[in-house]
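With mmCIF, C-alpha atoms inside, this is query.cif:
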data_protein
loop_
_atom_site.label_atom_id
_atom_site.label_comp_id
_atom_site.auth_asym_id
_atom_site.auth_seq_id
_atom_site.Cartn_x
_atom_site.Cartn_y
_atom_site.Cartn_z
CA MET A 210 7.35 -13.87 7.67
CA GLU A 211 9.27 -12.60 4.69
CA GLN A 212 11.62 -15.28 3.51
CA ARG A 213 15.24 -14.27 3.24
CA VAL A 214 16.06 -16.80 0.54
CA CYS A 215 17.14 -15.27 -2.75
CA GLY A 216 16.10 -17.01 -5.94
CA SER A 217 18.34 -16.75 -8.96
CA ASN A 218 15.77 -15.66 -11.51
CA ARG A 219 14.17 -12.25 -11.93
CA ILE A 220 10.54 -13.07 -11.41
CA ALA A 221 8.49 -9.99 -10.53
CA GLY A 222 5.30 -9.92 -8.55
CA CYS A 223 2.55 -7.69 -7.34
CA ASN A 224 0.01 -7.81 -4.54
CA PHE A 225 -2.89 -5.63 -5.62
CA ALA A 226 -6.49 -4.87 -4.85
CA ILE A 227 -9.20 -2.80 -6.47
CA TYR A 228 -11.56 -0.88 -4.20
CA PRO A 229 -14.76 0.30 -5.92
CA MET A 230 -16.57 2.68 -3.58
CA THR A 231 -20.03 1.36 -4.39
CA ASP A 232 -22.54 -1.17 -3.10
CA ASP A 233 -21.90 -3.06 -6.36
CA PHE A 234 -18.20 -3.51 -5.60
CA VAL A 235 -18.20 -7.27 -6.18
CA GLN A 236 -19.76 -6.87 -9.60
CA VAL A 237 -17.40 -4.03 -10.59
CA ILE A 238 -14.35 -6.11 -9.65
CA GLN A 239 -15.61 -9.25 -11.32
CA SER A 240 -16.65 -7.54 -14.54
CA ALA A 241 -13.34 -5.65 -14.72
CA LEU A 242 -11.24 -8.77 -14.24
CA LYS A 243 -13.32 -10.62 -16.84
CA GLU A 244 -11.93 -8.17 -19.40
CA VAL A 245 -8.32 -8.86 -18.45
CA ASP A 246 -6.31 -11.63 -20.07
CA THR A 247 -4.17 -13.11 -17.30
CA SER A 248 -2.86 -16.13 -19.16
CA LYS A 249 0.76 -14.99 -19.07
CA VAL A 250 0.92 -14.56 -15.28
CA TRP A 251 0.59 -16.79 -12.25
CA MET A 252 -2.35 -15.48 -10.22
CA GLU A 253 -3.90 -16.14 -6.83
CA THR A 254 -6.82 -14.28 -5.27
CA THR A 255 -7.83 -14.26 -1.60
CA ASP A 256 -10.29 -12.20 0.41
CA ILE A 257 -7.62 -9.52 0.88
CA GLY A 258 -6.40 -9.15 -2.68
CA THR A 259 -4.73 -10.67 -5.69
CA CYS A 260 -1.13 -11.71 -6.25
CA VAL A 261 0.28 -11.92 -9.78
CA ARG A 262 3.76 -13.15 -10.64
CA GLY A 263 5.76 -13.38 -13.85
CA ARG A 264 7.70 -11.08 -16.16
CA ILE A 265 7.68 -7.36 -15.33
CA THR A 266 5.94 -6.59 -18.64
CA HIS A 267 2.99 -8.82 -17.89
CA ILE A 268 2.70 -7.82 -14.24
CA PHE A 269 2.24 -4.20 -15.30
CA ASP A 270 0.09 -5.11 -18.31
CA VAL A 271 -2.35 -7.08 -16.15
CA THR A 272 -2.52 -4.64 -13.23
CA LYS A 273 -2.90 -1.60 -15.51
CA ALA A 274 -5.71 -3.34 -17.39
CA ALA A 275 -7.47 -4.30 -14.15
CA PHE A 276 -7.43 -0.71 -12.92
CA LEU A 277 -8.50 0.83 -16.23
CA GLN A 278 -11.32 -1.65 -16.75
CA ALA A 279 -12.63 -1.02 -13.23
CA ALA A 280 -12.29 2.76 -13.64
CA SER A 281 -14.10 2.68 -16.96
CA THR A 282 -17.29 1.70 -15.11
CA GLY A 283 -17.42 5.30 -13.94
CA HIS A 284 -17.45 4.40 -10.26
CA HIS A 285 -14.94 5.89 -7.85
CA VAL A 286 -12.28 3.18 -7.71
CA VAL A 287 -8.91 3.03 -6.03
CA PHE A 288 -6.18 0.63 -7.06
CA ASN A 289 -3.53 -0.28 -4.55
CA ALA A 290 -0.44 -2.34 -5.27
CA THR A 291 3.00 -3.35 -4.10
CA TYR A 292 5.31 -4.37 -6.93
CA SER A 293 8.34 -6.41 -5.99
CA ILE A 294 11.32 -8.02 -7.70
CA GLY A 295 14.31 -9.84 -6.30
CA CYS A 296 14.94 -11.15 -2.84
CA PRO A 297 12.99 -12.66 -1.08
CA GLY A 298 12.53 -15.25 -3.78
CA ASP A 299 10.72 -18.52 -4.18
CA THR A 300 9.56 -20.75 -6.98
CA SER A 301 5.80 -20.39 -7.36
CA GLY A 302 5.04 -18.85 -10.73
CA ASP A 303 8.50 -19.55 -12.10
CA THR A 304 7.15 -21.35 -15.14
CA TYR A 305 5.55 -18.10 -16.29
CA MET A 306 9.01 -16.67 -16.90
CA ALA A 307 9.00 -18.63 -20.17
CA GLU A 308 6.28 -16.39 -21.65
CA ASP A 309 7.29 -14.00 -24.42
CA GLU A 310 7.33 -10.23 -23.85
CA SER A 311 4.22 -9.42 -25.86
CA PRO A 312 1.58 -7.86 -23.53
CA LEU A 313 -1.90 -9.27 -23.98
CA ASN A 314 -3.95 -6.32 -22.71
CA ALA A 315 -2.09 -3.31 -24.09
CA ALA A 316 -4.36 -2.75 -27.07
CA ASN A 317 -7.52 -2.82 -24.98
CA SER A 318 -6.03 -0.63 -22.26
CA GLN A 319 -5.02 2.02 -24.75
CA THR A 320 -8.63 2.55 -25.75
CA ILE A 321 -9.50 3.63 -22.18
CA HIS A 322 -8.89 7.32 -21.58
CA GLN A 323 -9.08 7.83 -17.86
CA GLU A 324 -7.89 10.74 -15.78
CA ALA A 325 -6.26 9.45 -12.63
CA ALA A 326 -4.39 10.61 -9.57
CA GLY A 327 -1.63 8.40 -8.26
CA MET A 328 1.04 8.22 -5.61
CA PHE A 329 4.10 6.02 -5.64
CA SER A 330 7.10 5.28 -3.48
CA LEU A 331 10.16 3.39 -4.60
CA TYR A 332 12.33 1.35 -2.23
CA PRO A 333 15.48 0.14 -3.97
CA MET A 334 16.82 -2.11 -1.23
CA GLY A 335 19.53 -3.89 -3.17
CA GLY A 336 22.00 -1.16 -4.06
CA GLY A 337 22.62 0.01 -7.61
CA ASP A 338 22.78 3.46 -9.13
CA TYR A 339 19.16 4.46 -8.99
CA MET A 340 18.74 8.15 -8.15
CA ASP A 341 19.72 9.39 -11.62
CA THR A 342 17.48 6.72 -13.11
CA ILE A 343 14.54 7.89 -11.07
CA TYR A 344 15.09 11.57 -11.77
CA SER A 345 15.39 11.02 -15.51
CA GLN A 346 12.24 8.91 -15.52
CA ILE A 347 10.36 11.61 -13.61
CA GLU A 348 11.50 14.08 -16.27
CA SER A 349 10.22 11.78 -18.96
CA MET A 350 6.83 11.45 -17.22
CA LYS A 351 6.52 15.24 -17.13
CA GLN A 352 7.18 15.38 -20.86
CA GLN A 353 4.31 12.96 -21.37
CA GLY A 354 1.99 15.44 -19.72
CA ILE A 355 1.95 13.93 -16.25
CA GLU A 356 1.91 16.42 -13.42
CA VAL A 357 4.52 15.37 -10.86
CA SER A 358 4.66 16.67 -7.29
CA SER A 359 6.20 15.75 -3.95
CA VAL A 360 4.11 14.65 -1.00
CA HIS A 361 5.21 13.16 2.29
CA TYR A 362 6.85 9.76 1.74
CA ALA A 363 5.79 9.60 -1.90
CA THR A 364 5.62 11.18 -5.33
CA ARG A 365 2.25 12.25 -6.68
CA LEU A 366 1.28 11.77 -10.33
CA ASP A 367 -1.74 13.36 -12.03
CA GLY A 368 -2.73 12.68 -15.61
CA ASP A 369 -3.80 10.02 -18.05
CA GLY A 370 -4.06 6.55 -16.54
CA ASN A 371 -2.16 4.81 -19.33
CA SER A 372 0.68 7.32 -19.17
CA ILE A 373 0.95 7.02 -15.40
CA TYR A 374 1.22 3.22 -15.59
CA ASN A 375 3.73 3.37 -18.43
CA GLY A 376 5.85 5.73 -16.35
CA LEU A 377 5.64 3.48 -13.30
CA GLU A 378 6.61 0.42 -15.33
CA GLN A 379 9.55 2.26 -16.84
CA VAL A 380 10.95 3.51 -13.54
CA PHE A 381 10.57 0.08 -11.91
CA THR A 382 12.21 -1.65 -14.89
CA ASP A 383 15.07 0.83 -15.06
CA VAL A 384 15.88 0.68 -11.34
CA GLU A 385 16.02 -3.10 -11.55
CA LYS A 386 18.21 -2.99 -14.69
CA ASN A 387 20.60 -0.59 -13.00
CA GLY A 388 21.55 -3.10 -10.36
CA SER A 389 19.11 -3.03 -7.46
CA SER A 390 18.89 -6.69 -6.48
CA HIS A 391 15.65 -6.16 -4.51
CA THR A 392 13.23 -3.42 -5.52
CA VAL A 393 9.83 -2.64 -4.05
CA MET A 394 7.39 -0.03 -5.34
CA THR A 395 4.08 0.89 -3.71
CA VAL A 396 1.35 2.47 -5.82
CA THR A 397 -2.06 3.98 -5.10
CA ILE A 398 -4.15 5.22 -8.03
CA SER A 399 -7.56 6.80 -7.77
CA ALA A 400 -10.13 7.45 -10.51
CA ASN A 401 -13.49 9.22 -10.60
CA SER A 402 -13.04 10.68 -7.14
CA PRO A 403 -15.76 13.13 -6.13
CA SER A 404 -13.14 15.18 -4.26
CA THR A 405 -11.38 18.12 -5.75
CA LYS A 406 -7.71 17.49 -6.35
CA GLY A 407 -5.71 18.42 -3.30
CA GLY A 408 -8.87 19.34 -1.43
CA LYS A 409 -10.09 18.21 1.93
CA LYS A 410 -12.01 14.97 1.53
CA GLU A 411 -12.41 13.79 5.06
CA MET B 35 10.71 12.79 -5.71
CA GLU B 36 11.59 11.37 -2.33
CA GLN B 37 13.93 13.69 -0.55
CA ARG B 38 17.21 12.17 0.56
CA VAL B 39 17.73 14.57 3.42
CA CYS B 40 17.88 12.94 6.84
CA GLY B 41 16.39 14.81 9.75
CA SER B 42 17.81 14.32 13.18
CA ASN B 43 14.59 13.64 15.06
CA ARG B 44 12.49 10.47 15.05
CA ILE B 45 9.23 11.77 13.72
CA ALA B 46 7.06 8.98 12.35
CA GLY B 47 4.42 9.29 9.68
CA CYS B 48 1.75 7.42 7.84
CA ASN B 49 -0.03 7.82 4.53
CA PHE B 50 -3.35 6.04 4.88
CA ALA B 51 -6.74 5.74 3.28
CA ILE B 52 -10.00 4.06 4.21
CA TYR B 53 -12.00 2.43 1.44
CA PRO B 54 -15.63 1.70 2.36
CA MET B 55 -17.15 -0.46 -0.37
CA THR B 56 -20.50 1.29 -0.36
CA ASP B 57 -22.31 4.12 -2.16
CA ASP B 58 -22.19 5.95 1.19
CA PHE B 59 -18.39 5.92 1.31
CA VAL B 60 -18.05 9.65 1.93
CA GLN B 61 -20.39 9.50 4.91
CA VAL B 62 -18.70 6.40 6.34
CA ILE B 63 -15.27 8.05 6.17
CA GLN B 64 -16.48 11.36 7.57
CA SER B 65 -18.44 9.85 10.43
CA ALA B 66 -15.53 7.56 11.34
CA LEU B 67 -13.00 10.38 11.40
CA LYS B 68 -15.36 12.50 13.47
CA GLU B 69 -14.92 9.94 16.26
CA VAL B 70 -11.13 10.14 16.17
CA ASP B 71 -9.21 12.65 18.26
CA THR B 72 -6.33 13.79 16.06
CA SER B 73 -5.10 16.66 18.22
CA LYS B 74 -1.72 15.05 18.94
CA VAL B 75 -0.76 14.55 15.29
CA TRP B 76 -0.08 16.75 12.30
CA MET B 77 -2.63 15.82 9.63
CA GLU B 78 -3.26 16.61 5.97
CA THR B 79 -5.96 15.12 3.77
CA THR B 80 -6.08 15.16 -0.03
CA ASP B 81 -8.27 13.42 -2.60
CA ILE B 82 -5.92 10.41 -2.47
CA GLY B 83 -5.61 9.94 1.26
CA THR B 84 -4.49 11.28 4.59
CA CYS B 85 -1.03 11.86 5.98
CA VAL B 86 -0.44 11.94 9.74
CA ARG B 87 2.87 12.72 11.41
CA GLY B 88 4.09 12.74 15.00
CA ARG B 89 5.12 10.23 17.66
CA ILE B 90 4.83 6.53 16.80
CA THR B 91 2.28 6.04 19.60
CA HIS B 92 -0.11 8.63 18.23
CA ILE B 93 0.34 7.62 14.59
CA PHE B 94 -0.83 4.10 15.47
CA ASP B 95 -3.47 5.35 17.90
CA VAL B 96 -5.09 7.57 15.26
CA THR B 97 -4.89 5.13 12.36
CA LYS B 98 -6.15 2.21 14.45
CA ALA B 99 -9.09 4.31 15.64
CA ALA B 100 -9.92 5.45 12.11
CA PHE B 101 -10.05 1.85 10.87
CA LEU B 102 -12.04 0.52 13.82
CA GLN B 103 -14.56 3.36 13.70
CA ALA B 104 -15.11 2.84 9.96
CA ALA B 105 -15.35 -0.95 10.38
CA SER B 106 -17.86 -0.58 13.21
CA THR B 107 -20.38 0.78 10.69
CA GLY B 108 -20.70 -2.80 9.46
CA HIS B 109 -19.75 -1.95 5.89
CA HIS B 110 -16.98 -3.79 4.12
CA VAL B 111 -14.02 -1.45 4.61
CA VAL B 112 -10.37 -1.76 3.75
CA PHE B 113 -7.66 0.29 5.42
CA ASN B 114 -4.41 0.81 3.61
CA ALA B 115 -1.33 2.46 5.05
CA THR B 116 2.37 3.00 4.73
CA TYR B 117 4.10 3.76 8.04
CA SER B 118 7.50 5.38 7.85
CA ILE B 119 10.16 6.61 10.22
CA GLY B 120 13.60 8.01 9.57
CA CYS B 121 15.18 9.15 6.37
CA PRO B 122 13.91 10.88 4.23
CA GLY B 123 13.16 13.52 6.80
CA ASP B 124 11.79 16.99 6.84
CA THR B 125 10.32 19.42 9.32
CA SER B 126 6.55 19.57 8.81
CA GLY B 127 4.86 18.19 11.87
CA ASP B 128 7.95 18.45 14.04
CA THR B 129 6.18 20.46 16.70
CA TYR B 130 3.94 17.47 17.40
CA MET B 131 6.96 15.62 18.76
CA ALA B 132 6.46 17.59 21.98
CA GLU B 133 3.20 15.77 22.78
CA ASP B 134 3.21 13.30 25.65
CA GLU B 135 2.89 9.56 25.04
CA SER B 136 -0.67 9.17 26.27
CA PRO B 137 -2.86 7.95 23.38
CA LEU B 138 -6.17 9.79 23.02
CA ASN B 139 -8.22 7.12 21.28
CA ALA B 140 -7.13 3.92 22.99
CA ALA B 141 -10.09 3.70 25.38
CA ASN B 142 -12.65 4.15 22.61
CA SER B 143 -10.88 1.75 20.27
CA GLN B 144 -10.81 -0.97 22.89
CA THR B 145 -14.59 -1.02 23.01
CA ILE B 146 -14.75 -2.03 19.33
CA HIS B 147 -14.49 -5.77 18.84
CA GLN B 148 -13.90 -6.29 15.18
CA GLU B 149 -12.64 -9.39 13.38
CA ALA B 150 -10.17 -8.36 10.71
CA ALA B 151 -7.81 -9.80 8.12
CA GLY B 152 -4.56 -8.01 7.53
CA MET B 153 -1.36 -8.19 5.57
CA PHE B 154 1.86 -6.40 6.35
CA SER B 155 5.37 -6.09 4.95
CA LEU B 156 8.29 -4.60 6.77
CA TYR B 157 11.19 -2.90 5.01
CA PRO B 158 14.00 -2.08 7.45
CA MET B 159 16.19 -0.06 5.11
CA GLY B 160 18.59 1.35 7.64
CA GLY B 161 20.42 -1.64 9.06
CA GLY B 162 20.06 -2.83 12.62
CA ASP B 163 19.40 -6.24 14.09
CA TYR B 164 15.81 -6.77 13.11
CA MET B 165 15.14 -10.38 12.15
CA ASP B 166 15.12 -11.71 15.73
CA THR B 167 12.96 -8.73 16.71
CA ILE B 168 10.44 -9.52 14.00
CA TYR B 169 10.33 -13.25 14.77
CA SER B 170 9.83 -12.69 18.48
CA GLN B 171 7.05 -10.19 17.79
CA ILE B 172 5.35 -12.65 15.46
CA GLU B 173 5.51 -15.22 18.27
CA SER B 174 3.94 -12.73 20.64
CA MET B 175 1.12 -11.98 18.17
CA LYS B 176 0.35 -15.69 17.95
CA GLN B 177 0.11 -15.86 21.71
CA GLN B 178 -2.46 -13.08 21.60
CA GLY B 179 -4.64 -15.27 19.39
CA ILE B 180 -3.68 -13.81 16.04
CA GLU B 181 -3.38 -16.32 13.24
CA VAL B 182 -0.14 -15.65 11.36
CA SER B 183 0.64 -17.01 7.91
CA SER B 184 3.02 -16.34 5.03
CA VAL B 185 1.83 -15.04 1.69
CA HIS B 186 3.84 -13.74 -1.23
CA TYR B 187 5.75 -10.59 -0.26
CA ALA B 188 3.90 -10.23 3.04
CA THR B 189 2.74 -11.73 6.32
CA ARG B 190 -0.95 -12.34 6.82
CA LEU B 191 -2.67 -11.68 10.17
CA ASP B 192 -6.18 -12.83 11.10
CA GLY B 193 -7.88 -11.98 14.36
CA ASP B 194 -9.12 -9.16 16.54
CA GLY B 195 -8.57 -5.71 15.05
CA ASN B 196 -7.16 -4.20 18.24
CA SER B 197 -4.71 -7.06 18.70
CA ILE B 198 -3.55 -6.84 15.09
CA TYR B 199 -2.82 -3.11 15.41
CA ASN B 200 -1.08 -3.54 18.73
CA GLY B 201 1.14 -6.19 17.16
CA LEU B 202 1.92 -3.98 14.19
CA GLU B 203 2.79 -1.03 16.42
CA GLN B 204 5.05 -3.22 18.54
CA VAL B 205 6.98 -4.69 15.64
CA PHE B 206 7.44 -1.26 14.02
CA THR B 207 8.56 0.29 17.32
CA ASP B 208 10.96 -2.54 18.12
CA VAL B 209 12.61 -2.56 14.70
CA GLU B 210 13.18 1.18 14.99
CA LYS B 211 14.54 0.83 18.52
CA ASN B 212 16.94 -1.88 17.41
CA GLY B 213 18.79 0.45 15.11
CA SER B 214 17.10 0.65 11.72
CA SER B 215 17.59 4.29 10.74
CA HIS B 216 14.82 4.16 8.10
CA THR B 217 11.93 1.76 8.47
CA VAL B 218 8.87 1.40 6.25
CA MET B 219 5.89 -0.85 6.89
CA THR B 220 2.97 -1.36 4.53
CA VAL B 221 -0.36 -2.53 5.93
CA THR B 222 -3.68 -3.61 4.42
CA ILE B 223 -6.53 -4.53 6.77
CA SER B 224 -9.96 -5.65 5.71
CA ALA B 225 -13.15 -5.92 7.77
CA ASN B 226 -16.64 -7.24 7.07
CA SER B 227 -15.60 -8.79 3.76
CA PRO B 228 -18.32 -10.89 2.14
CA SER B 229 -15.63 -13.28 0.90
CA THR B 230 -14.67 -16.42 2.71
CA LYS B 231 -11.18 -16.25 4.15
CA GLY B 232 -8.67 -17.51 1.65
CA GLY B 233 -11.40 -18.06 -0.90
CA LYS B 234 -11.68 -16.77 -4.43
CA LYS B 235 -13.24 -13.34 -4.41
CA GLU B 236 -12.65 -12.17 -7.94
#
Please express the file's structure as C-alpha cells.
Amino acid sequence: MEQRVCGSNRIAGCNFAIYPMTDDFVQVIQSALKEVDTSKVWMETTDIGTCVRGRITHIFDVTKAAFLQAASTGHHVVFNATYSIGCPGDTSGDTYMAEDESPLNAANSQTIHQEAAGMFSLYPMGGGDYMDTIYSQIESMKQQGIEVSSVHYATRLDGDGNSIYNGLEQVFTDVEKNGSSHTVMTVTISANSPSTKGGKKE
Amino acid sequence: MEQRVCGSNRIAGCNFAIYPMTDDFVQVIQSALKEVDTSKVWMETTDIGTCVRGRITHIFDVTKAAFLQAASTGHHVVFNATYSIGCPGDTSGDTYMAEDESPLNAANSQTIHQEAAGMFSLYPMGGGDYMDTIYSQIESMKQQGIEVSSVHYATRLDGDGNSIYNGLEQVFTDVEKNGSSHTVMTVTISANSPSTKGGKKE
C-alpha cells in the first residue's frame, strides 16, 4: 500500500519500463542500459520494471537516456514511466540527494535525434498554483517545435525526443517549485512505430 | 492540456496499451483484440494506444479481456493502463452510459488461467474516505490468493490474472463510491516474463 508518511526532503523518483517490440527485447534493453550512466541515482530493477530515485535532474537525465538509447536501435520501443515527488516519502535513496546537479548523460543523449510521440498526464495532488505554470510550459514546448494536442485524460506531444523530455522535466520541476507538495506525472513515449500517427493500429 | 471542466455523469475511461515483446507484436495485438467484444464501450485507437470510455464494469471487462487474450498467446506481454473517473469530464462516449451492467467478455476471460505480476497506484484526488476502503480491498485480494507487496510509489500484485483484475476493479469502484469525485489508477501487468520474480532483468 502507498505509505502516507511524508519525508522532509525533496527526493524524486520514477518507476519506468522500456518495451521493445521485438524477439530481441532483452538484448535491446540490456544494451541500452549499458550506455546509461546511473551513478548519480539509486536504482532497483525487478521483473516488472526499474525504479530510480534521486534529484529531479538525474531522474530525467537517466530515463531520457534509457529511452533514447533503446530507440536508437531502430526497433519499435515504448517507454512508460510514472514520475513522483513528495508524499508518500521514505528514506531509500536519500544519500543520492548529495549529488551535484550536473547530468551525466546529457551530452550523449543530445547526439540522438529521434522522432517520438508521447502522452503525459500531470497530477498535482499537493496544492500550489500550477495551471498557469502548465500552460506556460506547454507554450514553451510549442515554441521548441513540439506539436501539442489534447487527448482523453492526457496531453499528446509529437516531435524530437530530446525536446519532449526537456519539456516534461521543465513542467514537472516548475509544478513542484510552485508549491505542489506531492506531484505525479505519467508518461508514455513511443518511437519507430509502424503505425501512422493518429491512425488505427489495432 | 487537461480540461478542468467537470461533467455531471460518472463516465469512466481508460487509456491502455498492450506491449507484446515479439517481432509479431502487430499480429498479437490484432488477434487479441479480435476476441474482445467492445460493443458496450466507446473506443478510439491511435499509434500510442487505445482509449475506452463507458461504465466502470465494461471498462474493466474490455481491458481485462484484451490483456488475457494477448497473454494467452504465450508471448511476453505487458499491459499498461490509466483508469480515470470524474473530473476532468467531457461528453464523448456519454451515450455508452445507457448500456446495462452485464459484461460481455467475462465468460471468455474466466477460461484463461494466466499467472501475472502487476503493479498499481491509486490517486483519489477528489476527497472521500478511501484509506479504509483500500486496506479492506487489499485484505480481500490476499484472501483470493493474490500476493500483495509494497514497492516504491505502488503496490505489487502477484497471482492469477482474473483475480488481479477483479481486485483492481473492486478497489477502483469502491473508492469512487465512497466519495472521491476524481479518481485515477495506474496499472502495469506483465505476463510470461522470462525474468525471475523480483530478480534483476536489466
Problem - Output of the PyMOL selection byres ((chain B and resi 47-49) around 7), listed as a list in words - result: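 Evaluating the PyMOL selection byres ((chain B and resi 47-49) around 7) on these coordinates yields Ile45, Ala46, Phe50, Gly83, Thr84, Cys85, Val86, Arg87, Gly88, Ile93, Ala115, Thr116, Tyr117, Ser118 and Ile119 of chain B.
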Practice task
Given the file shown, determine the residues that the PyMOL selection byres ((chain A and resi 371) around 10) selects; report them as a list in words.
Solution key: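 So the PyMOL selection byres ((chain A and resi 371) around 10), applied here, picks out Lys273, Ala274, Phe276, Leu277, Ala315, Ser318, Gln319, Thr320, Ile321, His322, Gln323, Glu324, Ala325, Gly368, Asp369, Gly370, Ser372, Ile373, Tyr374, Asn375, Gly376 and Leu377 of chain A.
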Handout entry: Atomic distance CA of Ala241 (chain A) - CA of Ser224 (chain B), expressed in Å with one decimal
Key =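 Computed distance, CA of Ala241 (chain A) to CA of Ser224 (chain B), equals 20.7 Å.
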Problem - Selection under test: the PyMOL selection byres ((chain A and resi 354) around 9); residues as a PyMOL selection string - result: chain A and resi 350-353+355-356+367-369+372
Practice task
Compile the contact shell of region 306-311 of chain A as JSON, numbers by chain: residues with an atom at most 12 Å away, counting all atoms listed in the file, same-chain residues fewer than 5 positions apart removed.
Solution key: {"A": [218, 219, 220, 221, 222, 247, 248, 249, 250, 251, 262, 263, 264, 265, 266, 267, 268, 269, 270, 271, 300, 301, 316]}
Problem - Nearest to Val221 (chain B), chosen from B:Thr56, B:Thr97, B:Thr207, B:Thr79, with only C-alpha atoms counted in the distances - result: B:Thr97
Region 171-178 of chain B written out with all heavy atoms as a PDB file, in the first residue's frame:
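Output below, filename result_34.pdb:
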ATOM      1  N   GLN B 171      -9.876  -3.736   0.742  1.00  0.00           N
ATOM      2  CA  GLN B 171      -9.823  -4.398  -0.552  1.00  0.00           C
ATOM      3  C   GLN B 171      -8.519  -5.176  -0.734  1.00  0.00           C
ATOM      4  O   GLN B 171      -8.503  -6.260  -1.303  1.00  0.00           O
ATOM      5  CB  GLN B 171     -10.016  -3.368  -1.665  1.00  0.00           C
ATOM      6  CG  GLN B 171     -10.300  -3.972  -3.022  1.00  0.00           C
ATOM      7  CD  GLN B 171     -11.406  -5.015  -2.977  1.00  0.00           C
ATOM      8  OE1 GLN B 171     -12.439  -4.817  -2.334  1.00  0.00           O
ATOM      9  NE2 GLN B 171     -11.188  -6.157  -3.618  1.00  0.00           N
ATOM     10  N   ILE B 172      -7.451  -4.626  -0.207  1.00  0.00           N
ATOM     11  CA  ILE B 172      -6.153  -5.316  -0.241  1.00  0.00           C
ATOM     12  C   ILE B 172      -6.266  -6.631   0.540  1.00  0.00           C
ATOM     13  O   ILE B 172      -5.784  -7.678   0.101  1.00  0.00           O
ATOM     14  CB  ILE B 172      -5.066  -4.412   0.394  1.00  0.00           C
ATOM     15  CG1 ILE B 172      -4.808  -3.182  -0.469  1.00  0.00           C
ATOM     16  CG2 ILE B 172      -3.780  -5.206   0.646  1.00  0.00           C
ATOM     17  CD1 ILE B 172      -3.881  -3.384  -1.622  1.00  0.00           C
ATOM     18  N   GLU B 173      -6.918  -6.562   1.686  1.00  0.00           N
ATOM     19  CA  GLU B 173      -7.144  -7.763   2.511  1.00  0.00           C
ATOM     20  C   GLU B 173      -7.907  -8.817   1.708  1.00  0.00           C
ATOM     21  O   GLU B 173      -7.573 -10.000   1.719  1.00  0.00           O
ATOM     22  CB  GLU B 173      -7.958  -7.402   3.759  1.00  0.00           C
ATOM     23  CG  GLU B 173      -7.205  -7.351   5.062  1.00  0.00           C
ATOM     24  CD  GLU B 173      -5.972  -8.240   5.112  1.00  0.00           C
ATOM     25  OE1 GLU B 173      -6.112  -9.473   5.105  1.00  0.00           O
ATOM     26  OE2 GLU B 173      -4.842  -7.701   5.142  1.00  0.00           O
ATOM     27  N   SER B 174      -8.933  -8.351   1.021  1.00  0.00           N
ATOM     28  CA  SER B 174      -9.770  -9.255   0.250  1.00  0.00           C
ATOM     29  C   SER B 174      -8.983  -9.876  -0.913  1.00  0.00           C
ATOM     30  O   SER B 174      -9.185 -11.043  -1.262  1.00  0.00           O
ATOM     31  CB  SER B 174     -11.010  -8.486  -0.213  1.00  0.00           C
ATOM     32  OG  SER B 174     -11.483  -8.974  -1.420  1.00  0.00           O
ATOM     33  N   MET B 175      -8.088  -9.104  -1.524  1.00  0.00           N
ATOM     34  CA  MET B 175      -7.247  -9.662  -2.601  1.00  0.00           C
ATOM     35  C   MET B 175      -6.364 -10.768  -2.037  1.00  0.00           C
ATOM     36  O   MET B 175      -6.189 -11.815  -2.664  1.00  0.00           O
ATOM     37  CB  MET B 175      -6.361  -8.568  -3.220  1.00  0.00           C
ATOM     38  CG  MET B 175      -7.090  -7.586  -4.120  1.00  0.00           C
ATOM     39  SD  MET B 175      -5.904  -6.565  -5.082  1.00  0.00           S
ATOM     40  CE  MET B 175      -6.764  -5.003  -5.165  1.00  0.00           C
ATOM     41  N   LYS B 176      -5.803 -10.536  -0.869  1.00  0.00           N
ATOM     42  CA  LYS B 176      -4.937 -11.555  -0.259  1.00  0.00           C
ATOM     43  C   LYS B 176      -5.701 -12.842  -0.041  1.00  0.00           C
ATOM     44  O   LYS B 176      -5.182 -13.939  -0.252  1.00  0.00           O
ATOM     45  CB  LYS B 176      -4.392 -11.054   1.091  1.00  0.00           C
ATOM     46  CG  LYS B 176      -3.301 -10.008   0.975  1.00  0.00           C
ATOM     47  CD  LYS B 176      -2.835  -9.583   2.380  1.00  0.00           C
ATOM     48  CE  LYS B 176      -1.816  -8.454   2.305  1.00  0.00           C
ATOM     49  NZ  LYS B 176      -1.567  -7.874   3.642  1.00  0.00           N
ATOM     50  N   GLN B 177      -6.960 -12.698   0.392  1.00  0.00           N
ATOM     51  CA  GLN B 177      -7.767 -13.892   0.641  1.00  0.00           C
ATOM     52  C   GLN B 177      -8.103 -14.648  -0.640  1.00  0.00           C
ATOM     53  O   GLN B 177      -8.429 -15.830  -0.601  1.00  0.00           O
ATOM     54  CB  GLN B 177      -9.046 -13.514   1.398  1.00  0.00           C
ATOM     55  CG  GLN B 177      -8.791 -13.335   2.896  1.00  0.00           C
ATOM     56  CD  GLN B 177      -9.852 -12.492   3.588  1.00  0.00           C
ATOM     57  OE1 GLN B 177     -10.993 -12.442   3.117  1.00  0.00           O
ATOM     58  NE2 GLN B 177      -9.496 -11.830   4.672  1.00  0.00           N
ATOM     59  N   GLN B 178      -8.023 -13.949  -1.760  1.00  0.00           N
ATOM     60  CA  GLN B 178      -8.233 -14.626  -3.050  1.00  0.00           C
ATOM     61  C   GLN B 178      -6.941 -15.215  -3.598  1.00  0.00           C
ATOM     62  O   GLN B 178      -6.868 -15.600  -4.762  1.00  0.00           O
ATOM     63  CB  GLN B 178      -8.800 -13.647  -4.071  1.00  0.00           C
ATOM     64  CG  GLN B 178     -10.280 -13.348  -3.887  1.00  0.00           C
ATOM     65  CD  GLN B 178     -10.690 -12.109  -4.662  1.00  0.00           C
ATOM     66  OE1 GLN B 178     -10.453 -11.995  -5.853  1.00  0.00           O
ATOM     67  NE2 GLN B 178     -11.302 -11.160  -3.979  1.00  0.00           N
TER      68      GLN B 178
END
